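Peer 1: This is the structure I have questions about; it appears just below.
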Amino acid sequence: MSAEIIYLDKVFDEATPRVTLADARALGLKRYFTGTPCKQGHVAERYLSSNCVECVSVDAAKWHAENPEKVQEKLKKYRSNNRTVLRERDAKRARDNPGKVNAKNARRRARKRLAIVTRDADAIMRQISNEGGKCFYCAVDLLPFEGHAEHIIPLSRGGPHAELNLVLSCPRCNIGKHDRLPSEWSRLPKRHATRAIAREREIIEWNDAQILGLGDF
Ligand SMILES: [Zn+2]
Ligand SMILES: [Zn+2]
């Protein structure tokens, strides 16, 4: 038998000690290993029920992929039953890895905001064409397909993926602005700065209203 299965860092092959079901029961183990492949050909441990450990894990992954709502429900239950443990774990992770956790929180905030705004691709295209083929920041005329779809408040800074936050930008401005807000971008062309900063304020107000459930205004 040349098959080799790695499960939970354990390698199962010719050399793996055999543990019969009777032995496992006698020793109080949860799994046994005979080396005989399962119906799917996995050379893997079996649970005491004789179910193949590898098959169970494949089936579980499939079930997870097909039942996202049930997974969420289970997770929610798990979190509420294990609040203290999880809080301690998160606090430890934050202490060990401050940068990572901050980045993760920023992404989570961005996703949260994303979830409450339109993802209507047509609306976004409409918004972009409203700019009349000019860069929102420097007003240069753009060639067709030259413009970048630009988030005035970057998603990484919690900006929404919404019409109000999207403009057409020339590649130079898009790259130059990077993840700054218009109010933080000192090289924002003066002539157009007022309207860009006014729009930034408008987006923040709109976004806060969405989050507070006040709806559009
Ligand atoms: Zn199997
Ligand atoms: Zn520009």
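Labeling convention for the structure tokens: chains A, B, ... as they appear, residues from 1 per chain, ligands from 1 in order of appearance.
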Residues at most 6 Å from range 164-172 of chain A, counting only C-alpha atoms, excluding those fewer than 5 positions away in the same chain, as a list in words?
Peer 2: Ile128, Cys135, Phe136, Gly147, His148, Ala149, Glu150, His151 and Ile152 of chain A
Peer 1: DSSP on the backbone: what in range 10-116 of chain A comes out strand (DSSP E or B), as a ChimeraX atom specification?
Peer 2: /A:10-12,19,31-33,46-47,52
Peer 1: Put those residues in a file: N, CA and C atoms, as an mmCIF file, in the first residue's frame.
Peer 2:
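Heads up, here's the output in selection_32.cif:
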```cif
data_model
loop_
_atom_site.group_PDB
_atom_site.id
_atom_site.type_symbol
_atom_site.label_atom_id
_atom_site.label_comp_id
_atom_site.auth_asym_id
_atom_site.auth_seq_id
_atom_site.Cartn_x
_atom_site.Cartn_y
_atom_site.Cartn_z
ATOM 1 N N LYS A 10 -0.546 13.908 11.427
ATOM 2 C CA LYS A 10 -0.122 12.519 11.598
ATOM 3 C C LYS A 10 -0.069 11.888 10.222
ATOM 4 N N VAL A 11 0.940 11.056 9.995
ATOM 5 C CA VAL A 11 1.034 10.349 8.718
ATOM 6 C C VAL A 11 0.588 8.914 8.947
ATOM 7 N N PHE A 12 -0.323 8.439 8.068
ATOM 8 C CA PHE A 12 -0.759 7.050 8.182
ATOM 9 C C PHE A 12 -0.233 6.274 6.990
ATOM 10 N N VAL A 19 -4.149 -0.225 15.462
ATOM 11 C CA VAL A 19 -4.922 -0.275 16.714
ATOM 12 C C VAL A 19 -6.291 -0.820 16.345
ATOM 13 N N ARG A 31 -10.434 6.759 18.502
ATOM 14 C CA ARG A 31 -10.222 6.317 17.123
ATOM 15 C C ARG A 31 -9.389 5.049 17.083
ATOM 16 N N TYR A 32 -9.520 4.323 15.998
ATOM 17 C CA TYR A 32 -8.642 3.168 15.799
ATOM 18 C C TYR A 32 -8.104 3.207 14.371
ATOM 19 N N PHE A 33 -7.115 2.340 14.095
ATOM 20 C CA PHE A 33 -6.492 2.366 12.769
ATOM 21 C C PHE A 33 -6.075 0.960 12.366
ATOM 22 N N ARG A 46 -10.356 5.426 11.919
ATOM 23 C CA ARG A 46 -11.820 5.305 11.997
ATOM 24 C C ARG A 46 -12.270 5.740 13.385
ATOM 25 N N TYR A 47 -13.447 6.346 13.433
ATOM 26 C CA TYR A 47 -14.062 6.578 14.736
ATOM 27 C C TYR A 47 -14.584 5.235 15.245
ATOM 28 N N CYS A 52 -15.019 6.553 8.660
ATOM 29 C CA CYS A 52 -13.671 7.001 8.310
ATOM 30 C C CYS A 52 -13.503 8.482 8.690
#
```
Peer 1: Report the closest atom pair, with its distance in Å rounded to one decimal, for each residue of chain A that has an atom no farther than 7 Å from ligand 1; count only C-alpha atoms and all ligand atoms, sort by chain and then rising residue number, and write it as JSON lines.
Peer 2:
```
{"residue": "A:Cys38", "atom": "CA", "partner": "ligand 1", "partner_atom_place_in_ligand_line": "1 (Zn)", "distance": 4.8}
{"residue": "A:Lys39", "atom": "CA", "partner": "ligand 1", "partner_atom_place_in_ligand_line": "1 (Zn)", "distance": 6.3}
{"residue": "A:Gln40", "atom": "CA", "partner": "ligand 1", "partner_atom_place_in_ligand_line": "1 (Zn)", "distance": 5.0}
{"residue": "A:Gly41", "atom": "CA", "partner": "ligand 1", "partner_atom_place_in_ligand_line": "1 (Zn)", "distance": 6.1}
{"residue": "A:His42", "atom": "CA", "partner": "ligand 1", "partner_atom_place_in_ligand_line": "1 (Zn)", "distance": 4.4}
{"residue": "A:Ala44", "atom": "CA", "partner": "ligand 1", "partner_atom_place_in_ligand_line": "1 (Zn)", "distance": 6.9}
{"residue": "A:Cys52", "atom": "CA", "partner": "ligand 1", "partner_atom_place_in_ligand_line": "1 (Zn)", "distance": 4.6}
{"residue": "A:Val53", "atom": "CA", "partner": "ligand 1", "partner_atom_place_in_ligand_line": "1 (Zn)", "distance": 6.5}
{"residue": "A:Glu54", "atom": "CA", "partner": "ligand 1", "partner_atom_place_in_ligand_line": "1 (Zn)", "distance": 4.9}
{"residue": "A:Cys55", "atom": "CA", "partner": "ligand 1", "partner_atom_place_in_ligand_line": "1 (Zn)", "distance": 3.9}
```
Peer 1: Quick one: of A:Leu188, A:Ala198, A:Ala103, A:Val140, who's nearest to ligand 2, counting only C-alpha atoms and all ligand atoms?
Peer 2: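 For ligand 2, the nearest of the given residues is A:Val140.
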Peer 1: Pick out the closest residue to ligand 2 from this set: A:Leu181, A:Ala209, A:Cys138, A:Ile197. Count only C-alpha atoms and all ligand atoms.
Peer 2: A:Cys138
Peer 1: Would you please extract all alpha helix (DSSP H) residues from range 44-83 of chain A, as assigned by DSSP on the backbone, and give them as a list of chain:residue names?
Peer 2: A:Val53, A:Glu54, A:Cys55, A:Val56, A:Ser57, A:Val58, A:Asp59, A:Ala60, A:Ala61, A:Lys62, A:Trp63, A:His64, A:Ala65, A:Glu66, A:Pro68, A:Glu69, A:Lys70, A:Val71, A:Gln72, A:Glu73, A:Lys74, A:Leu75, A:Lys76, A:Lys77, A:Tyr78, A:Arg79, A:Ser80, A:Asn81, A:Arg83
